[in-house]
$ cat protein_29.cif   # mmCIF, C-alpha atoms and all ligand atoms
data_final
loop_
_atom_site.group_PDB
_atom_site.id
_atom_site.type_symbol
_atom_site.label_atom_id
_atom_site.label_comp_id
_atom_site.auth_asym_id
_atom_site.auth_seq_id
_atom_site.Cartn_x
_atom_site.Cartn_y
_atom_site.Cartn_z
ATOM 1 C CA MET X 116 -1.267 10.662 16.285
ATOM 2 C CA LEU X 117 -1.133 10.221 12.519
ATOM 3 C CA ILE X 118 -2.823 7.052 11.262
ATOM 4 C CA PHE X 119 -1.453 6.189 7.836
ATOM 5 C CA ASP X 120 -2.558 3.189 5.758
ATOM 6 C CA ALA X 121 -0.379 2.192 2.795
ATOM 7 C CA HIS X 122 -2.905 0.177 0.771
ATOM 8 C CA ILE X 123 -6.651 0.007 0.103
ATOM 9 C CA ASP X 124 -8.504 -1.135 -3.025
ATOM 10 C CA THR X 125 -11.514 1.134 -2.617
ATOM 11 C CA LEU X 126 -11.062 2.879 -5.983
ATOM 12 C CA SER X 127 -11.489 -0.434 -7.800
ATOM 13 C CA LEU X 128 -14.402 -1.536 -5.660
ATOM 14 C CA LEU X 129 -16.322 1.715 -6.106
ATOM 15 C CA LEU X 130 -15.609 1.994 -9.802
ATOM 16 C CA THR X 131 -16.655 -1.559 -10.584
ATOM 17 C CA SER X 132 -19.589 -1.805 -8.172
ATOM 18 C CA SER X 133 -21.114 1.575 -8.931
ATOM 19 C CA ARG X 134 -20.705 1.254 -12.710
ATOM 20 C CA ILE X 135 -20.635 5.007 -12.888
ATOM 21 C CA SER X 136 -17.773 7.196 -13.926
ATOM 22 C CA ARG X 137 -18.380 9.823 -11.283
ATOM 23 C CA PRO X 138 -17.960 9.036 -7.601
ATOM 24 C CA ARG X 139 -20.250 11.770 -6.277
ATOM 25 C CA GLN X 140 -21.764 10.469 -3.057
ATOM 26 C CA THR X 141 -20.242 7.085 -3.795
ATOM 27 C CA LEU X 142 -17.624 7.226 -1.055
ATOM 28 C CA ALA X 143 -20.194 8.493 1.445
ATOM 29 C CA GLY X 144 -22.489 5.541 0.921
ATOM 30 C CA ALA X 145 -19.914 2.854 0.179
ATOM 31 C CA GLU X 146 -20.766 -0.491 1.722
ATOM 32 C CA GLY X 147 -17.277 -2.010 1.770
ATOM 33 C CA HIS X 148 -14.533 -1.605 4.366
ATOM 34 C CA VAL X 149 -13.964 2.073 3.585
ATOM 35 C CA ASN X 150 -16.387 4.968 3.394
ATOM 36 C CA LEU X 151 -16.409 8.590 4.453
ATOM 37 C CA GLU X 152 -17.978 7.853 7.827
ATOM 38 C CA TYR X 153 -15.594 5.007 8.647
ATOM 39 C CA LEU X 154 -12.577 7.111 7.620
ATOM 40 C CA ARG X 155 -13.751 9.855 9.972
ATOM 41 C CA GLN X 156 -14.569 7.503 12.840
ATOM 42 C CA GLY X 157 -11.209 5.793 12.466
ATOM 43 C CA ASN X 158 -9.424 9.149 12.364
ATOM 44 C CA ILE X 159 -7.407 8.030 9.351
ATOM 45 C CA GLY X 160 -4.971 10.842 8.572
ATOM 46 C CA ALA X 161 -3.200 9.625 5.436
ATOM 47 C CA GLN X 162 -4.166 6.977 2.904
ATOM 48 C CA PHE X 163 -2.610 5.471 -0.190
ATOM 49 C CA TRP X 164 -5.449 4.715 -2.670
ATOM 50 C CA ALA X 165 -4.404 1.982 -5.101
ATOM 51 C CA ALA X 166 -5.422 2.029 -8.741
ATOM 52 C CA PHE X 167 -5.323 -1.733 -9.216
ATOM 53 C CA VAL X 168 -4.655 -3.027 -12.720
ATOM 54 C CA HIS X 169 -7.104 -5.877 -13.221
ATOM 55 C CA PRO X 170 -5.882 -8.866 -15.291
ATOM 56 C CA ARG X 171 -8.829 -8.395 -17.659
ATOM 57 C CA SER X 172 -7.180 -5.171 -18.857
ATOM 58 C CA TYR X 173 -3.675 -6.638 -19.343
ATOM 59 C CA ASN X 174 -3.731 -6.949 -23.099
ATOM 60 C CA GLY X 175 -3.746 -3.382 -24.253
ATOM 61 C CA LEU X 176 -6.109 -1.724 -21.763
ATOM 62 C CA ALA X 177 -3.934 -1.516 -18.644
ATOM 63 C CA LEU X 178 -3.018 2.159 -18.991
ATOM 64 C CA HIS X 179 -6.489 3.006 -20.263
ATOM 65 C CA ASP X 180 -8.179 1.467 -17.198
ATOM 66 C CA THR X 181 -5.596 2.933 -14.823
ATOM 67 C CA LEU X 182 -6.276 6.418 -16.180
ATOM 68 C CA GLU X 183 -9.979 5.898 -15.499
ATOM 69 C CA LYS X 184 -9.209 4.947 -11.874
ATOM 70 C CA ILE X 185 -6.939 7.989 -11.544
ATOM 71 C CA ASP X 186 -9.767 10.205 -12.786
ATOM 72 C CA PHE X 187 -12.036 8.548 -10.248
ATOM 73 C CA PHE X 188 -9.514 9.407 -7.496
ATOM 74 C CA TRP X 189 -9.304 13.074 -8.516
ATOM 75 C CA THR X 190 -13.073 13.387 -8.961
ATOM 76 C CA MET X 191 -13.550 11.925 -5.499
ATOM 77 C CA LEU X 192 -11.211 14.580 -4.060
ATOM 78 C CA ASP X 193 -13.169 17.277 -5.913
ATOM 79 C CA ASP X 194 -16.413 15.943 -4.458
ATOM 80 C CA TYR X 195 -15.286 16.064 -0.837
ATOM 81 C CA PRO X 196 -12.956 19.100 -0.655
ATOM 82 C CA ASP X 197 -13.696 19.706 3.016
ATOM 83 C CA TYR X 198 -12.556 16.258 3.962
ATOM 84 C CA LEU X 199 -10.164 14.926 1.303
ATOM 85 C CA THR X 200 -7.042 16.534 -0.103
ATOM 86 C CA PHE X 201 -4.272 15.360 -2.396
ATOM 87 C CA ALA X 202 -0.862 14.612 -0.928
ATOM 88 C CA GLY X 203 2.216 14.061 -3.056
ATOM 89 C CA SER X 204 4.812 14.613 -0.348
ATOM 90 C CA ALA X 205 5.347 14.422 3.416
ATOM 91 C CA GLN X 206 4.871 18.181 3.521
ATOM 92 C CA ASP X 207 1.438 17.778 1.905
ATOM 93 C CA ILE X 208 0.542 15.152 4.516
ATOM 94 C CA ARG X 209 1.507 17.498 7.346
ATOM 95 C CA ALA X 210 -0.469 20.331 5.720
ATOM 96 C CA ALA X 211 -3.531 18.065 5.473
ATOM 97 C CA GLN X 212 -3.161 17.188 9.143
ATOM 98 C CA ALA X 213 -2.994 20.867 10.038
ATOM 99 C CA THR X 214 -6.326 21.501 8.271
ATOM 100 C CA GLY X 215 -7.980 18.345 9.619
ATOM 101 C CA ARG X 216 -8.300 16.702 6.223
ATOM 102 C CA LEU X 217 -7.434 13.212 5.033
ATOM 103 C CA ALA X 218 -4.207 13.221 3.000
ATOM 104 C CA CYS X 219 -4.902 11.112 -0.098
ATOM 105 C CA LEU X 220 -1.904 9.591 -1.867
ATOM 106 C CA LEU X 221 -2.180 7.809 -5.175
ATOM 107 C CA ALA X 222 -0.685 4.402 -5.989
ATOM 108 C CA VAL X 223 -0.789 2.108 -9.003
ATOM 109 C CA GLU X 224 -0.812 -1.640 -8.331
ATOM 110 C CA GLY X 225 0.651 -3.387 -11.367
ATOM 111 C CA GLY X 226 3.472 -2.251 -13.680
ATOM 112 C CA GLU X 227 1.289 -3.327 -16.619
ATOM 113 C CA ALA X 228 -0.024 0.247 -16.450
ATOM 114 C CA LEU X 229 3.258 1.499 -17.932
ATOM 115 C CA GLU X 230 2.629 -0.397 -21.178
ATOM 116 C CA GLY X 231 6.385 -0.838 -21.487
ATOM 117 C CA LYS X 232 7.298 2.851 -21.557
ATOM 118 C CA LEU X 233 9.081 5.059 -19.032
ATOM 119 C CA ALA X 234 7.150 7.952 -20.585
ATOM 120 C CA HIS X 235 3.973 6.545 -19.023
ATOM 121 C CA LEU X 236 5.699 6.252 -15.631
ATOM 122 C CA ARG X 237 6.525 9.965 -15.840
ATOM 123 C CA ASN X 238 3.000 10.801 -16.980
ATOM 124 C CA LEU X 239 1.532 8.834 -14.080
ATOM 125 C CA TYR X 240 3.828 10.773 -11.738
ATOM 126 C CA ARG X 241 2.531 14.024 -13.249
ATOM 127 C CA LEU X 242 -1.020 12.818 -12.539
ATOM 128 C CA GLY X 243 -0.123 12.369 -8.870
ATOM 129 C CA VAL X 244 1.018 8.739 -8.633
ATOM 130 C CA ARG X 245 3.684 8.390 -5.938
ATOM 131 C CA LEU X 246 3.869 4.609 -5.503
ATOM 132 C CA LEU X 247 4.028 1.761 -7.988
ATOM 133 C CA THR X 248 3.589 -1.889 -7.032
ATOM 134 C CA LEU X 249 5.894 -3.308 -9.707
ATOM 135 C CA THR X 250 3.883 -6.477 -10.300
ATOM 136 C CA TRP X 251 0.671 -8.083 -9.203
ATOM 137 C CA ASN X 252 0.659 -11.873 -8.966
ATOM 138 C CA PHE X 253 1.869 -12.673 -12.463
ATOM 139 C CA ARG X 254 4.641 -11.912 -14.924
ATOM 140 C CA ASN X 255 4.704 -8.535 -16.623
ATOM 141 C CA ASP X 256 7.383 -6.715 -18.567
ATOM 142 C CA LEU X 257 9.035 -5.432 -15.361
ATOM 143 C CA GLY X 258 9.355 -8.728 -13.507
ATOM 144 C CA ALA X 259 7.370 -11.612 -12.088
ATOM 145 C CA GLY X 260 4.801 -11.778 -9.325
ATOM 146 C CA GLN X 261 4.976 -14.305 -6.510
ATOM 147 C CA MET X 262 2.534 -16.689 -8.228
ATOM 148 C CA GLU X 263 5.214 -17.320 -10.875
ATOM 149 C CA GLY X 264 7.574 -18.537 -8.160
ATOM 150 C CA PRO X 265 11.368 -18.162 -8.335
ATOM 151 C CA GLU X 266 11.225 -19.761 -11.801
ATOM 152 C CA GLY X 267 9.673 -16.482 -12.968
ATOM 153 C CA GLY X 268 13.127 -14.922 -12.635
ATOM 154 C CA GLY X 269 14.188 -11.453 -11.568
ATOM 155 C CA LEU X 270 13.576 -8.002 -12.990
ATOM 156 C CA SER X 271 13.831 -7.452 -16.717
ATOM 157 C CA ARG X 272 16.022 -4.725 -18.211
ATOM 158 C CA PHE X 273 12.889 -2.583 -18.377
ATOM 159 C CA GLY X 274 12.121 -3.374 -14.727
ATOM 160 C CA LEU X 275 15.588 -2.137 -13.745
ATOM 161 C CA GLU X 276 15.070 1.039 -15.807
ATOM 162 C CA VAL X 277 11.759 1.605 -13.992
ATOM 163 C CA VAL X 278 13.520 1.275 -10.605
ATOM 164 C CA GLU X 279 16.144 3.803 -11.685
ATOM 165 C CA GLU X 280 13.558 6.267 -13.010
ATOM 166 C CA MET X 281 11.397 5.903 -9.883
ATOM 167 C CA ASN X 282 14.477 6.685 -7.768
ATOM 168 C CA ARG X 283 15.089 9.778 -9.888
ATOM 169 C CA LEU X 284 11.470 10.964 -9.784
ATOM 170 C CA GLY X 285 11.037 10.304 -6.057
ATOM 171 C CA MET X 286 8.464 7.508 -6.145
ATOM 172 C CA LEU X 287 7.981 4.638 -3.725
ATOM 173 C CA ILE X 288 8.922 1.244 -5.166
ATOM 174 C CA ASP X 289 6.487 -1.324 -3.797
ATOM 175 C CA VAL X 290 7.758 -4.919 -3.573
ATOM 176 C CA SER X 291 4.520 -6.478 -2.316
ATOM 177 C CA HIS X 292 3.408 -9.220 -4.761
ATOM 178 C CA LEU X 293 6.892 -9.485 -6.307
ATOM 179 C CA ASN X 294 8.618 -12.894 -6.431
ATOM 180 C CA GLU X 295 11.876 -13.396 -4.531
ATOM 181 C CA PRO X 296 14.391 -12.995 -7.396
ATOM 182 C CA GLY X 297 12.661 -9.745 -8.374
ATOM 183 C CA PHE X 298 12.666 -8.596 -4.765
ATOM 184 C CA TRP X 299 16.427 -9.043 -4.465
ATOM 185 C CA ASP X 300 17.003 -7.261 -7.784
ATOM 186 C CA VAL X 301 15.053 -4.272 -6.443
ATOM 187 C CA ILE X 302 17.032 -4.279 -3.193
ATOM 188 C CA GLU X 303 20.288 -4.286 -5.153
ATOM 189 C CA ALA X 304 19.225 -1.726 -7.757
ATOM 190 C CA SER X 305 17.287 0.852 -5.722
ATOM 191 C CA SER X 306 19.173 3.789 -4.266
ATOM 192 C CA SER X 307 16.131 4.690 -2.119
ATOM 193 C CA PRO X 308 14.330 2.810 0.664
ATOM 194 C CA VAL X 309 11.534 0.557 -0.598
ATOM 195 C CA ILE X 310 8.079 -0.303 0.689
ATOM 196 C CA ALA X 311 6.215 -3.585 0.993
ATOM 197 C CA SER X 312 2.866 -1.820 1.159
ATOM 198 C CA HIS X 313 0.722 -4.796 2.174
ATOM 199 C CA SER X 314 2.639 -7.930 3.222
ATOM 200 C CA ASN X 315 3.173 -9.964 6.396
ATOM 201 C CA ALA X 316 5.757 -12.289 7.952
ATOM 202 C CA LYS X 317 6.216 -15.711 6.356
ATOM 203 C CA ALA X 318 7.537 -17.176 9.615
ATOM 204 C CA LEU X 319 4.077 -16.730 11.190
ATOM 205 C CA CYS X 320 2.001 -17.574 8.117
ATOM 206 C CA ASP X 321 3.615 -19.485 5.276
ATOM 207 C CA HIS X 322 1.895 -17.753 2.365
ATOM 208 C CA PRO X 323 3.677 -16.770 -0.882
ATOM 209 C CA ARG X 324 2.537 -13.149 -0.361
ATOM 210 C CA ASN X 325 4.464 -12.902 2.906
ATOM 211 C CA LEU X 326 8.098 -11.941 3.524
ATOM 212 C CA THR X 327 10.963 -14.115 4.746
ATOM 213 C CA ASP X 328 13.120 -12.920 7.631
ATOM 214 C CA GLU X 329 15.896 -12.107 5.140
ATOM 215 C CA GLN X 330 13.506 -9.937 3.129
ATOM 216 C CA ILE X 331 12.270 -8.168 6.270
ATOM 217 C CA ARG X 332 15.883 -7.425 7.284
ATOM 218 C CA ALA X 333 16.772 -6.185 3.785
ATOM 219 C CA ILE X 334 13.832 -3.745 3.757
ATOM 220 C CA ALA X 335 14.783 -2.598 7.276
ATOM 221 C CA ASP X 336 18.482 -2.187 6.453
ATOM 222 C CA GLY X 337 17.580 0.113 3.563
ATOM 223 C CA GLY X 338 15.282 2.249 5.739
ATOM 224 C CA GLY X 339 12.078 0.896 4.180
ATOM 225 C CA VAL X 340 8.686 0.095 5.691
ATOM 226 C CA ILE X 341 6.384 -2.947 5.669
ATOM 227 C CA GLY X 342 2.635 -2.337 5.857
ATOM 228 C CA VAL X 343 0.898 -5.086 7.835
ATOM 229 C CA ASN X 344 -1.904 -6.647 5.788
ATOM 230 C CA PHE X 345 -5.254 -7.493 7.451
ATOM 231 C CA CYS X 346 -6.081 -10.308 4.997
ATOM 232 C CA THR X 347 -6.996 -13.390 7.016
ATOM 233 C CA ALA X 348 -5.141 -15.733 4.655
ATOM 234 C CA PHE X 349 -1.895 -13.741 5.101
ATOM 235 C CA LEU X 350 -2.265 -13.611 8.908
ATOM 236 C CA THR X 351 -2.970 -17.205 9.860
ATOM 237 C CA SER X 352 -3.507 -20.580 8.288
ATOM 238 C CA SER X 353 -6.271 -21.350 10.796
ATOM 239 C CA GLY X 354 -9.008 -19.856 8.604
ATOM 240 C CA ALA X 355 -10.149 -17.092 10.960
ATOM 241 C CA ALA X 356 -8.045 -14.204 12.215
ATOM 242 C CA THR X 357 -8.387 -11.865 15.167
ATOM 243 C CA LEU X 358 -6.813 -8.593 16.241
ATOM 244 C CA ASP X 359 -4.195 -10.661 18.076
ATOM 245 C CA ASP X 360 -3.014 -12.190 14.803
ATOM 246 C CA VAL X 361 -2.363 -8.702 13.413
ATOM 247 C CA LEU X 362 -0.533 -7.777 16.609
ATOM 248 C CA ASN X 363 1.502 -10.995 16.379
ATOM 249 C CA HIS X 364 2.711 -10.034 12.895
ATOM 250 C CA ILE X 365 3.541 -6.514 14.087
ATOM 251 C CA ASP X 366 5.489 -7.994 17.032
ATOM 252 C CA TYR X 367 7.376 -10.316 14.720
ATOM 253 C CA LEU X 368 8.186 -7.641 12.115
ATOM 254 C CA VAL X 369 9.425 -5.387 14.932
ATOM 255 C CA LYS X 370 11.536 -8.220 16.352
ATOM 256 C CA VAL X 371 13.192 -8.969 12.997
ATOM 257 C CA GLY X 372 13.185 -5.550 11.296
ATOM 258 C CA GLY X 373 13.116 -3.113 14.209
ATOM 259 C CA ILE X 374 10.579 -0.550 15.353
ATOM 260 C CA GLU X 375 11.286 1.802 12.414
ATOM 261 C CA THR X 376 10.221 -0.747 9.806
ATOM 262 C CA VAL X 377 6.582 -1.457 10.598
ATOM 263 C CA GLY X 378 3.464 0.329 9.366
ATOM 264 C CA LEU X 379 -0.080 -0.445 8.255
ATOM 265 C CA GLY X 380 -1.246 -1.689 4.845
ATOM 266 C CA SER X 381 -4.741 -2.949 5.540
ATOM 267 C CA ASP X 382 -5.708 -4.054 2.003
ATOM 268 C CA PHE X 383 -9.278 -3.044 2.898
ATOM 269 C CA ASP X 384 -11.727 -3.497 0.012
ATOM 270 C CA GLY X 385 -9.210 -5.817 -1.635
ATOM 271 C CA ILE X 386 -9.831 -8.659 0.815
ATOM 272 C CA THR X 387 -12.950 -10.626 1.612
ATOM 273 C CA GLU X 388 -12.226 -11.900 5.128
ATOM 274 C CA THR X 389 -11.109 -9.398 7.770
ATOM 275 C CA PRO X 390 -9.903 -10.162 11.298
ATOM 276 C CA ILE X 391 -12.550 -10.204 14.014
ATOM 277 C CA GLY X 392 -12.438 -6.735 15.552
ATOM 278 C CA LEU X 393 -11.008 -5.097 12.411
ATOM 279 C CA GLU X 394 -14.072 -5.224 10.194
ATOM 280 C CA ASN X 395 -13.507 -1.851 8.510
ATOM 281 C CA CYS X 396 -11.285 1.223 8.635
ATOM 282 C CA SER X 397 -13.237 2.776 11.513
ATOM 283 C CA ARG X 398 -11.636 0.053 13.659
ATOM 284 C CA THR X 399 -7.995 0.595 12.668
ATOM 285 C CA LEU X 400 -7.374 2.771 15.725
ATOM 286 C CA ILE X 401 -8.015 -0.230 17.984
ATOM 287 C CA LEU X 402 -4.568 -1.515 16.985
ATOM 288 C CA ALA X 403 -3.037 1.323 19.006
ATOM 289 C CA ASP X 404 -4.834 0.028 22.110
ATOM 290 C CA GLY X 405 -3.649 -3.473 21.311
ATOM 291 C CA LEU X 406 -0.040 -2.292 21.012
ATOM 292 C CA ASN X 407 -0.403 -0.400 24.270
ATOM 293 C CA GLY X 408 -1.659 -3.603 25.873
ATOM 294 C CA ARG X 409 1.461 -5.380 24.655
ATOM 295 C CA GLY X 410 3.724 -2.827 26.310
ATOM 296 C CA TYR X 411 4.734 -0.630 23.373
ATOM 297 C CA SER X 412 5.705 2.947 24.281
ATOM 298 C CA VAL X 413 3.674 5.891 22.981
ATOM 299 C CA ASP X 414 6.565 6.750 20.671
ATOM 300 C CA ALA X 415 6.686 3.215 19.263
ATOM 301 C CA ILE X 416 2.903 3.113 18.744
ATOM 302 C CA GLU X 417 3.012 6.414 16.860
ATOM 303 C CA LYS X 418 5.722 5.061 14.569
ATOM 304 C CA ILE X 419 3.770 1.903 13.745
ATOM 305 C CA MET X 420 0.403 3.623 13.287
ATOM 306 C CA GLY X 421 1.799 6.162 10.812
ATOM 307 C CA GLY X 422 5.086 7.790 11.793
ATOM 308 C CA ASN X 423 7.254 5.301 9.905
ATOM 309 C CA LEU X 424 5.288 5.712 6.664
ATOM 310 C CA LEU X 425 5.473 9.500 7.034
ATOM 311 C CA ARG X 426 9.257 9.262 7.488
ATOM 312 C CA LEU X 427 9.493 7.062 4.378
ATOM 313 C CA CYS X 428 7.470 9.590 2.369
ATOM 314 C CA ALA X 429 9.729 12.400 3.619
ATOM 315 C CA ASN X 430 12.815 10.443 2.558
ATOM 316 C CA VAL X 431 11.607 9.239 -0.823
ATOM 317 C CA LEU X 432 8.915 11.619 -2.116
ATOM 318 C CA GLY X 433 10.747 14.717 -0.895
HETATM 319 ZN ZN ZN X 501 -2.421 -6.366 -3.568
#
$ encode --input "protein_29.cif" --output "structure tokens"
Amino acid sequence: MLIFDAHIDTLSLLLTSSRISRPRQTLAGAEGHVNLEYLRQGNIGAQFWAAFVHPRSYNGLALHDTLEKIDFFWTMLDDYPDYLTFAGSAQDIRAAQATGRLACLLAVEGGEALEGKLAHLRNLYRLGVRLLTLTWNFRNDLGAGQMEGPEGGGLSRFGLEVVEEMNRLGMLIDVSHLNEPGFWDVIEASSSPVIASHSNAKALCDHPRNLTDEQIRAIADGGGVIGVNFCTAFLTSSGAATLDDVLNHIDYLVKVGGIETVGLGSDFDGITETPIGLENCSRTLILADGLNGRGYSVDAIEKIMGGNLLRLCANVLG
């Protein structure tokens, strides 16, 4: 069974915490939610690594800092060639599986990295980026994040051009963090299925980062996938989350969007509180047991744990 996680922030955590430009040994000894040992124990087969654009780099350094994170990603792959390998397509993911290596896919979280130019989108693609989260929480020159609320408005002309160019290139358009008007602009403009790489259901936890039923259905109708986020604040308003809360969101997303729509998007190393029982990526596999306990078929469990994300990659990345 392929286990595929659509979002972790480990690149940012390692780069900022280690204060070194070379990740040699860094992933092996990492003390966050993700390290080499945990990835192995958890049998993670494919992973999107997000190069997160930090707000401190917004005014002129966004591309600069993103390029440093991308170098960190590639250097990490060079350092662990027996275990990590680049994947830019579904075929690459299957090839990694065949050789027992972790398929590493590259994402950028924050359209600020484009610095207003489609040329930089194409250059990022050439460097291996296959997913772009259009916004983080705030306004940028593509659109507005969910912290801006509906008043932030929809996608800009440039945002619509980015959607069109991402469709042409074969990149995954990530609507996590986007405000609602922007979300609906993406749904209308994109000719390819979209991803919400790390978002949950608003009906179960009324947080601005979560998706309404209408949004869940729209992603499902287009053949897209929603990665369930393990962040406590997006799972429950009670202050502490358990494995059952994650399973509740999966159940709900399946109920509203169908079995083909749900995947994993842990947000490990980007969140502080994790659910009890899901403390790091070595534990991700336990979700399969939980789904089994709730009566899901083997086929359905395989889709949720990774099959749906693999299908999306096959459809969009080619
Ligand atoms: Zn995020």
$ resolve_selection --input "protein_29.cif" --expression "the PyMOL selection byres (((not hetatm)) within 12 of (chain X and resi 501))" --output "compact mmCIF listing (two decimals) with C-alpha atoms, in the coordinates of the input"
# COMPACT_ATOMS: atom_id res chain seq x y z
CA ALA X 121 -0.38 2.19 2.80
CA HIS X 122 -2.90 0.18 0.77
CA ILE X 123 -6.65 0.01 0.10
CA ASP X 124 -8.50 -1.14 -3.02
CA THR X 125 -11.51 1.13 -2.62
CA SER X 127 -11.49 -0.43 -7.80
CA TRP X 164 -5.45 4.72 -2.67
CA ALA X 165 -4.40 1.98 -5.10
CA ALA X 166 -5.42 2.03 -8.74
CA PHE X 167 -5.32 -1.73 -9.22
CA VAL X 168 -4.66 -3.03 -12.72
CA HIS X 169 -7.10 -5.88 -13.22
CA ALA X 222 -0.68 4.40 -5.99
CA VAL X 223 -0.79 2.11 -9.00
CA GLU X 224 -0.81 -1.64 -8.33
CA GLY X 225 0.65 -3.39 -11.37
CA LEU X 247 4.03 1.76 -7.99
CA THR X 248 3.59 -1.89 -7.03
CA LEU X 249 5.89 -3.31 -9.71
CA THR X 250 3.88 -6.48 -10.30
CA TRP X 251 0.67 -8.08 -9.20
CA ASN X 252 0.66 -11.87 -8.97
CA PHE X 253 1.87 -12.67 -12.46
CA GLY X 260 4.80 -11.78 -9.32
CA GLN X 261 4.98 -14.30 -6.51
CA ASP X 289 6.49 -1.32 -3.80
CA VAL X 290 7.76 -4.92 -3.57
CA SER X 291 4.52 -6.48 -2.32
CA HIS X 292 3.41 -9.22 -4.76
CA LEU X 293 6.89 -9.48 -6.31
CA ALA X 311 6.22 -3.58 0.99
CA SER X 312 2.87 -1.82 1.16
CA HIS X 313 0.72 -4.80 2.17
CA SER X 314 2.64 -7.93 3.22
CA ASN X 315 3.17 -9.96 6.40
CA ARG X 324 2.54 -13.15 -0.36
CA ASN X 325 4.46 -12.90 2.91
CA GLY X 342 2.64 -2.34 5.86
CA VAL X 343 0.90 -5.09 7.84
CA ASN X 344 -1.90 -6.65 5.79
CA PHE X 345 -5.25 -7.49 7.45
CA CYS X 346 -6.08 -10.31 5.00
CA PHE X 349 -1.90 -13.74 5.10
CA GLY X 380 -1.25 -1.69 4.84
CA SER X 381 -4.74 -2.95 5.54
CA ASP X 382 -5.71 -4.05 2.00
CA PHE X 383 -9.28 -3.04 2.90
CA ASP X 384 -11.73 -3.50 0.01
CA GLY X 385 -9.21 -5.82 -1.64
CA ILE X 386 -9.83 -8.66 0.82
$ resolve_selection --input "protein_29.cif" --expression "the PyMOL selection byres (((chain X and resi 350) around 12) and not hetatm)" --output "VMD selection string"
chain X and resid 313 to 326 343 to 349 351 to 365 367 381 388 to 391
$ atom_distance --input "protein_29.cif" --atom1 "atom CA of X:Val413" --atom2 "atom CA of X:Ala333"
26.2 Å
$ resolve_selection --input "protein_29.cif" --expression "the PyMOL selection byres (((chain X and resi 116) around 12) and not hetatm)" --output "list in words"
Leu117, Ile118, Phe119, Gly157, Asn158, Ile159, Gly160, Ala161, Arg209, Gln212, Leu400, Ala403, Val413, Asp414, Ala415, Ile416, Glu417, Lys418, Ile419, Met420, Gly421, Gly422, Asn423 and Leu425 of chain X
$ write_last_selection --input "protein_29.cif" --atoms "C-alpha atoms" --output "short mmCIF file (atom, residue, chain, number, x, y, z; two decimals), keeping the file's coordinate frame"
data_model
loop_
_atom_site.label_atom_id
_atom_site.label_comp_id
_atom_site.auth_asym_id
_atom_site.auth_seq_id
_atom_site.Cartn_x
_atom_site.Cartn_y
_atom_site.Cartn_z
CA LEU X 117 -1.13 10.22 12.52
CA ILE X 118 -2.82 7.05 11.26
CA PHE X 119 -1.45 6.19 7.84
CA GLY X 157 -11.21 5.79 12.47
CA ASN X 158 -9.42 9.15 12.36
CA ILE X 159 -7.41 8.03 9.35
CA GLY X 160 -4.97 10.84 8.57
CA ALA X 161 -3.20 9.62 5.44
CA ARG X 209 1.51 17.50 7.35
CA GLN X 212 -3.16 17.19 9.14
CA LEU X 400 -7.37 2.77 15.72
CA ALA X 403 -3.04 1.32 19.01
CA VAL X 413 3.67 5.89 22.98
CA ASP X 414 6.56 6.75 20.67
CA ALA X 415 6.69 3.22 19.26
CA ILE X 416 2.90 3.11 18.74
CA GLU X 417 3.01 6.41 16.86
CA LYS X 418 5.72 5.06 14.57
CA ILE X 419 3.77 1.90 13.74
CA MET X 420 0.40 3.62 13.29
CA GLY X 421 1.80 6.16 10.81
CA GLY X 422 5.09 7.79 11.79
CA ASN X 423 7.25 5.30 9.90
CA LEU X 425 5.47 9.50 7.03
#
$ atom_distance --input "protein_29.cif" --atom1 "atom CA of X:Glu146" --atom2 "atom CA of X:Ile341"
27.5 Å
$ atom_distance --input "protein_29.cif" --atom1 "atom CA of X:Val371" --atom2 "atom CA of X:Asp120"
21.2 Å
$ closest_residue --input "protein_29.cif" --among "X:Leu284, X:Ala335, X:Cys428, X:Leu182" --to "X:Arg237" --atoms "all atoms listed in the file"
X:Leu284
